[in-house]
Amino acid sequence: MRQPDPQKLDALVGRLVGDVGACVTGSLIVLGDQLGLYKAMGDGKPVTAAELAGRTGVKERYLREWLSAQAAAEYVQYDEKTDRFSLSPEQVMAFAEEGSPAFFAGAFEIVQSMWVDEPKIEQAFRSGEGLGWHEHSKCLFRGTERFFRPGYNANLKTSWIPALDGVEAKLKKGAVVADVGCGHGASTILMAQAYPNSRFFAFDYHGPSIEKAREAADKAGVGDRIVFEKASAKDFPAKKYDLVAMFDCLHDMGDPVGAGRHVMETLAADGTWMIVEPFAHDQLKDNLNPVGRIFYGASTMICTPASLSQEVGLGLGAQAGEMRLRKVALDAGFSRFRRATETPFNMVFEVRA
């Protein structure tokens with residue numbers, strides 16, 4: 001039997017303690033988000049557990065324990081002199097302000113779905129079968145929209161679309177746009193708000209998500225400029241689109257090449273296919289970092305099973321990298337593929353015939 005190095009073992013156990021703490025804290029973040037506790041502390045004013053109970057209607061004894069755990073995680077500030085808790089401006093942005101580019105509470109709903117659906121994934125590992133997006137728990141659908149929306153808010157209008165050759169000018173003048181794999185409609189709504197002269201058609205194969213998207217668009221005041229329809233990436237209606245957008249979904253598809261061929265058939269002669277995908281390098285060794293850790297984990301539990309549940313089942317995964325995505329586009333019949341821009345979490349590609 002190989003003998004462990006005591007120092008390395010101590011370091012590993014230390015990391016595991018941190019990871020267990022992160023898992024525990026994640027459930028408390030979901031709880032605080034669902035109960036509106038962060039929003040109730042959003043003004044930044046220090047409160048006692050009793051005062052927060054008065055604001056929220058939640059029982060004080062439970063709040064005291066939750067606040068203490070949040071303070072231990074350094075997600076809430078604690079003043080021992082006054083026995084009060086508060087959120088710093090940065091913590092407000094991360095936990096209380098959904099419009100913030102740093103809002104992170106939604107990410108933990110995605111993690112929640114991984115725990116809830118773990119038995120299903122275990123069975124998929126054993127059988128080799130996939131697990132469709134629609135077969136996951138509802139917290140995944142809500143969490144995905146809330147996690148990605150801040151990034152879209154921060155980048156879509158300011159950098160992603162301007163990085164595409166000539167696309168922004170078309171959108172301002174009046175273009176026809178398809179948002180494929182739209183989910184709850186965050187990306188479509190944002191584009192409709194930014195470019196009122198354009199017409200938008202949004203598609204997703206998941207019917208309940210389409211219903212949520214319609215509700216969100218009506219609430220945002222752009223429901224009259226977006227047509228939401230249940231359809232897959234290989235059969236959405238052709239309308240000679242000036243822009244077909246796919247946000248963080250191409251790698252989830254069983255047949256991304258077939259989806260690309262359908263995009264080719266639906267685009268106008270000078271149309272653009274915009275692909276937004278999770279940031280990834282082409283080599284595994286270059287993705288062994290905190291961002292890669294998150295994306296590989298999500299890919300294991302969500303993205304790859306989704307692809308393997310469909311026809312072809314290519315299984316790109318959430319860390320496909322530019323080379324594999326380029327091959328998908330070229331195999332679909334496109335001749336021009338370039339990385340238009342990137343953020344720490346996303347890569348944006350411009351694809352043309």
# chains A, B, ... in the order shown; residues from 1 in each chain; ligands from 1
>>> residues_around(residues="Arg64 (chain A)", least_positions_apart="5", cutoff="10 Å", atoms="only C-alpha atoms", output="number ranges by chain")
A: 48-50, 52-53, 59, 69-70, 85
>>> select_by_dssp(residues="region 75-160 of chain A", states="helix (DSSP H, G or I)", output="PyMOL selection string")
chain A and resi 89-95+105-116+118-127+133-135+138-160
>>> residues_around(residues="Met191 (chain A)", least_positions_apart="5", cutoff="9 Å", atoms="only C-alpha atoms", output="VMD selection string")
chain A and resid 156 to 157 171 186 196 198 200
>>> closest_residue(among="A:Glu98, A:Glu51, A:Glu60, A:Glu65", to="Arg84 (chain A)", atoms="only C-alpha atoms")
A:Glu51
>>> atom_distance(atom1="CA of Ile189 (chain A)", atom2="CA of Val176 (chain A)")
14.2 Å
>>> residues_around(residues="Ala231 (chain A)", least_positions_apart="6", cutoff="12 Å", atoms="only C-alpha atoms", output="list in words")
Ala178, Asp179, Val180, Gly181, Cys182, Gly183, Phe201, Ala202, Phe203, Asp204, Tyr205, His206, Gly207, Ser209, Ile210, Pro237, Ala238 and Ala259 of chain A
>>> residues_around(residues="region 326-332 of chain A", least_positions_apart="6", cutoff="6 Å", atoms="only C-alpha atoms", output="PDB file with all heavy atoms, in the first residue's frame")
ATOM      1  N   VAL A 257     -24.218  19.987 -35.580  1.00  0.00           N
ATOM      2  CA  VAL A 257     -23.943  20.160 -37.014  1.00  0.00           C
ATOM      3  C   VAL A 257     -25.257  20.265 -37.782  1.00  0.00           C
ATOM      4  O   VAL A 257     -25.426  21.142 -38.647  1.00  0.00           O
ATOM      5  CB  VAL A 257     -23.090  18.990 -37.548  1.00  0.00           C
ATOM      6  CG1 VAL A 257     -22.926  19.112 -39.073  1.00  0.00           C
ATOM      7  CG2 VAL A 257     -21.727  18.975 -36.875  1.00  0.00           C
ATOM      8  N   GLY A 260     -26.681  23.569 -37.242  1.00  0.00           N
ATOM      9  CA  GLY A 260     -25.983  24.561 -38.053  1.00  0.00           C
ATOM     10  C   GLY A 260     -26.455  24.545 -39.503  1.00  0.00           C
ATOM     11  O   GLY A 260     -26.604  25.600 -40.131  1.00  0.00           O
ATOM     12  N   ARG A 261     -26.699  23.344 -40.042  1.00  0.00           N
ATOM     13  CA  ARG A 261     -27.213  23.267 -41.420  1.00  0.00           C
ATOM     14  C   ARG A 261     -28.581  23.940 -41.529  1.00  0.00           C
ATOM     15  O   ARG A 261     -28.882  24.606 -42.533  1.00  0.00           O
ATOM     16  CB  ARG A 261     -27.310  21.797 -41.849  1.00  0.00           C
ATOM     17  CG  ARG A 261     -25.966  21.106 -42.014  1.00  0.00           C
ATOM     18  CD  ARG A 261     -26.123  19.774 -42.727  1.00  0.00           C
ATOM     19  NE  ARG A 261     -24.837  19.075 -42.834  1.00  0.00           N
ATOM     20  CZ  ARG A 261     -24.521  17.978 -42.170  1.00  0.00           C
ATOM     21  NH1 ARG A 261     -25.413  17.427 -41.345  1.00  0.00           N
ATOM     22  NH2 ARG A 261     -23.343  17.416 -42.320  1.00  0.00           N
TER      23      ARG A 261
END
>>> residues_around(residues="Ser68 (chain A)", least_positions_apart="2", cutoff="12 Å", atoms="only C-alpha atoms", output="PyMOL selection string")
chain A and resi 25+28+48-49+61-66+70-80+83-86
>>> closest_atom_pairs(of="region 230-339 of chain A", to="region 125-145 of chain A", cutoff="6 Å", atoms="only C-alpha atoms", output="CSV")
residue,atom,partner,partner_atom,distance
A:Pro305,CA,A:Gly130,CA,4.4
A:Ala306,CA,A:Gly132,CA,4.5
A:Leu308,CA,A:Gly130,CA,4.5
A:Ser309,CA,A:Gly130,CA,3.8
>>> write_last_selection(atoms="C-alpha atoms", output="JSON list (two decimals), in the first residue's frame")
[["chain", "number", "residue", "atom", "x", "y", "z"],
["A", 305, "PRO", "CA", -26.40, 14.20, -20.60],
["A", 306, "ALA", "CA", -28.68, 16.58, -22.50],
["A", 308, "LEU", "CA", -26.55, 12.28, -25.26],
["A", 309, "SER", "CA", -30.33, 12.11, -24.84]]
>>> residues_around(residues="Ala280 (chain A)", least_positions_apart="6", cutoff="10 Å", atoms="only C-alpha atoms", output="list in words")
Asp286, Asn287, Val291, Gly292, Phe295, Tyr296, Ala318, Gln319, Ala320, Gly321, Glu322, Pro344, Phe345, Asn346 and Met347 of chain A
>>> select_by_dssp(residues="region 53-138 of chain A", states="strand (DSSP E or B)", output="PyMOL selection string")
chain A and resi 77-79+84-86
>>> atom_distance(atom1="CA of Glu97 (chain A)", atom2="CA of Ser27 (chain A)")
18.9 Å
>>> atom_distance(atom1="CA of Leu325 (chain A)", atom2="CA of Lys172 (chain A)")
28.7 Å
>>> closest_residue(among="A:Pro89, A:Gly21, A:Gly57, A:Gly14", to="Lys45 (chain A)", atoms="only C-alpha atoms")
A:Pro89
>>> decode(residues="region 326-342 of chain A", atoms="all heavy atoms", output="mmCIF file, in the first residue's frame")
data_model
loop_
_atom_site.group_PDB
_atom_site.id
_atom_site.type_symbol
_atom_site.label_atom_id
_atom_site.label_comp_id
_atom_site.auth_asym_id
_atom_site.auth_seq_id
_atom_site.Cartn_x
_atom_site.Cartn_y
_atom_site.Cartn_z
ATOM 1 N N ARG A 326 -15.451 25.404 -34.238
ATOM 2 C CA ARG A 326 -15.160 25.757 -35.629
ATOM 3 C C ARG A 326 -15.484 24.572 -36.556
ATOM 4 O O ARG A 326 -16.068 24.750 -37.622
ATOM 5 C CB ARG A 326 -13.693 26.151 -35.768
ATOM 6 C CG ARG A 326 -13.267 26.524 -37.203
ATOM 7 C CD ARG A 326 -11.767 26.773 -37.262
ATOM 8 N NE ARG A 326 -11.391 27.900 -36.432
ATOM 9 C CZ ARG A 326 -11.400 29.176 -36.839
ATOM 10 N NH1 ARG A 326 -11.790 29.453 -38.084
ATOM 11 N NH2 ARG A 326 -11.036 30.140 -36.032
ATOM 12 N N LYS A 327 -15.107 23.375 -36.121
ATOM 13 C CA LYS A 327 -15.380 22.197 -36.943
ATOM 14 C C LYS A 327 -16.879 21.986 -37.125
ATOM 15 O O LYS A 327 -17.338 21.621 -38.213
ATOM 16 C CB LYS A 327 -14.753 20.952 -36.308
ATOM 17 C CG LYS A 327 -14.870 19.691 -37.168
ATOM 18 C CD LYS A 327 -14.164 18.515 -36.550
ATOM 19 C CE LYS A 327 -14.151 17.308 -37.486
ATOM 20 N NZ LYS A 327 -15.471 16.922 -38.012
ATOM 21 N N VAL A 328 -17.656 22.221 -36.067
ATOM 22 C CA VAL A 328 -19.112 22.109 -36.179
ATOM 23 C C VAL A 328 -19.634 23.053 -37.251
ATOM 24 O O VAL A 328 -20.436 22.668 -38.116
ATOM 25 C CB VAL A 328 -19.788 22.406 -34.820
ATOM 26 C CG1 VAL A 328 -21.294 22.642 -35.000
ATOM 27 C CG2 VAL A 328 -19.554 21.269 -33.840
ATOM 28 N N ALA A 329 -19.177 24.308 -37.227
ATOM 29 C CA ALA A 329 -19.649 25.301 -38.192
ATOM 30 C C ALA A 329 -19.230 24.934 -39.609
ATOM 31 O O ALA A 329 -20.024 25.044 -40.560
ATOM 32 C CB ALA A 329 -19.127 26.683 -37.813
ATOM 33 N N LEU A 330 -17.990 24.498 -39.789
ATOM 34 C CA LEU A 330 -17.522 24.143 -41.130
ATOM 35 C C LEU A 330 -18.226 22.894 -41.649
ATOM 36 O O LEU A 330 -18.590 22.824 -42.825
ATOM 37 C CB LEU A 330 -16.004 23.937 -41.103
ATOM 38 C CG LEU A 330 -15.161 25.175 -40.748
ATOM 39 C CD1 LEU A 330 -13.677 24.833 -40.783
ATOM 40 C CD2 LEU A 330 -15.460 26.343 -41.676
ATOM 41 N N ASP A 331 -18.443 21.913 -40.775
ATOM 42 C CA ASP A 331 -19.169 20.701 -41.190
ATOM 43 C C ASP A 331 -20.616 21.021 -41.557
ATOM 44 O O ASP A 331 -21.230 20.301 -42.364
ATOM 45 C CB ASP A 331 -19.150 19.660 -40.071
ATOM 46 C CG ASP A 331 -17.788 19.011 -39.897
ATOM 47 O OD1 ASP A 331 -16.906 19.217 -40.762
ATOM 48 O OD2 ASP A 331 -17.585 18.308 -38.881
ATOM 49 N N ALA A 332 -21.154 22.089 -40.979
ATOM 50 C CA ALA A 332 -22.528 22.496 -41.292
ATOM 51 C C ALA A 332 -22.618 23.248 -42.621
ATOM 52 O O ALA A 332 -23.726 23.535 -43.090
ATOM 53 C CB ALA A 332 -23.087 23.365 -40.169
ATOM 54 N N GLY A 333 -21.475 23.569 -43.220
ATOM 55 C CA GLY A 333 -21.478 24.221 -44.522
ATOM 56 C C GLY A 333 -21.058 25.674 -44.522
ATOM 57 O O GLY A 333 -21.020 26.315 -45.577
ATOM 58 N N PHE A 334 -20.733 26.232 -43.364
ATOM 59 C CA PHE A 334 -20.280 27.623 -43.302
ATOM 60 C C PHE A 334 -18.797 27.693 -43.668
ATOM 61 O O PHE A 334 -18.035 26.748 -43.451
ATOM 62 C CB PHE A 334 -20.507 28.209 -41.910
ATOM 63 C CG PHE A 334 -21.964 28.430 -41.570
ATOM 64 C CD1 PHE A 334 -22.722 27.418 -40.994
ATOM 65 C CD2 PHE A 334 -22.574 29.647 -41.844
ATOM 66 C CE1 PHE A 334 -24.056 27.614 -40.689
ATOM 67 C CE2 PHE A 334 -23.916 29.856 -41.544
ATOM 68 C CZ PHE A 334 -24.663 28.829 -40.968
ATOM 69 N N SER A 335 -18.400 28.826 -44.214
ATOM 70 C CA SER A 335 -16.999 28.983 -44.644
ATOM 71 C C SER A 335 -16.230 29.993 -43.813
ATOM 72 O O SER A 335 -14.998 29.993 -43.826
ATOM 73 C CB SER A 335 -16.948 29.394 -46.125
ATOM 74 O OG SER A 335 -17.628 30.635 -46.322
ATOM 75 N N ARG A 336 -16.955 30.852 -43.086
ATOM 76 C CA ARG A 336 -16.277 31.885 -42.296
ATOM 77 C C ARG A 336 -16.644 31.744 -40.819
ATOM 78 O O ARG A 336 -17.829 31.714 -40.466
ATOM 79 C CB ARG A 336 -16.646 33.280 -42.806
ATOM 80 C CG ARG A 336 -16.044 33.596 -44.178
ATOM 81 C CD ARG A 336 -16.420 34.995 -44.629
ATOM 82 N NE ARG A 336 -17.824 35.061 -45.050
ATOM 83 C CZ ARG A 336 -18.450 36.186 -45.379
ATOM 84 N NH1 ARG A 336 -17.798 37.344 -45.314
ATOM 85 N NH2 ARG A 336 -19.708 36.167 -45.773
ATOM 86 N N PHE A 337 -15.622 31.672 -39.999
ATOM 87 C CA PHE A 337 -15.807 31.476 -38.558
ATOM 88 C C PHE A 337 -14.716 32.255 -37.845
ATOM 89 O O PHE A 337 -13.523 32.050 -38.094
ATOM 90 C CB PHE A 337 -15.702 29.986 -38.224
ATOM 91 C CG PHE A 337 -15.865 29.651 -36.761
ATOM 92 C CD1 PHE A 337 -17.079 29.187 -36.272
ATOM 93 C CD2 PHE A 337 -14.806 29.770 -35.878
ATOM 94 C CE1 PHE A 337 -17.234 28.862 -34.932
ATOM 95 C CE2 PHE A 337 -14.941 29.452 -34.536
ATOM 96 C CZ PHE A 337 -16.160 29.001 -34.061
ATOM 97 N N ARG A 338 -15.110 33.170 -36.981
ATOM 98 C CA ARG A 338 -14.093 33.915 -36.234
ATOM 99 C C ARG A 338 -14.582 34.212 -34.822
ATOM 100 O O ARG A 338 -15.793 34.345 -34.588
ATOM 101 C CB ARG A 338 -13.730 35.230 -36.932
ATOM 102 C CG ARG A 338 -14.772 36.326 -36.826
ATOM 103 C CD ARG A 338 -14.282 37.630 -37.445
ATOM 104 N NE ARG A 338 -15.276 38.695 -37.308
ATOM 105 C CZ ARG A 338 -15.277 39.582 -36.297
ATOM 106 N NH1 ARG A 338 -14.351 39.527 -35.355
ATOM 107 N NH2 ARG A 338 -16.214 40.526 -36.246
ATOM 108 N N ARG A 339 -13.628 34.272 -33.904
ATOM 109 C CA ARG A 339 -13.959 34.677 -32.545
ATOM 110 C C ARG A 339 -14.069 36.196 -32.541
ATOM 111 O O ARG A 339 -13.092 36.907 -32.776
ATOM 112 C CB ARG A 339 -12.884 34.233 -31.557
ATOM 113 C CG ARG A 339 -13.280 34.510 -30.110
ATOM 114 C CD ARG A 339 -12.161 34.214 -29.117
ATOM 115 N NE ARG A 339 -11.719 32.833 -29.152
ATOM 116 C CZ ARG A 339 -11.336 32.159 -28.071
ATOM 117 N NH1 ARG A 339 -11.367 32.730 -26.883
ATOM 118 N NH2 ARG A 339 -10.907 30.913 -28.173
ATOM 119 N N ALA A 340 -15.265 36.692 -32.283
ATOM 120 C CA ALA A 340 -15.496 38.133 -32.346
ATOM 121 C C ALA A 340 -15.045 38.834 -31.070
ATOM 122 O O ALA A 340 -14.487 39.933 -31.115
ATOM 123 C CB ALA A 340 -16.975 38.417 -32.607
ATOM 124 N N THR A 341 -15.307 38.214 -29.923
ATOM 125 C CA THR A 341 -14.915 38.800 -28.639
ATOM 126 C C THR A 341 -15.058 37.721 -27.565
ATOM 127 O O THR A 341 -15.489 36.598 -27.846
ATOM 128 C CB THR A 341 -15.773 40.031 -28.304
ATOM 129 O OG1 THR A 341 -15.257 40.682 -27.138
ATOM 130 C CG2 THR A 341 -17.219 39.662 -28.053
ATOM 131 N N GLU A 342 -14.684 38.075 -26.348
ATOM 132 C CA GLU A 342 -14.774 37.112 -25.256
ATOM 133 C C GLU A 342 -14.842 37.838 -23.922
ATOM 134 O O GLU A 342 -14.515 39.027 -23.812
ATOM 135 C CB GLU A 342 -13.565 36.173 -25.259
ATOM 136 C CG GLU A 342 -12.248 36.890 -25.006
ATOM 137 C CD GLU A 342 -11.048 35.972 -25.165
ATOM 138 O OE1 GLU A 342 -10.975 35.262 -26.184
ATOM 139 O OE2 GLU A 342 -10.179 35.985 -24.272
#
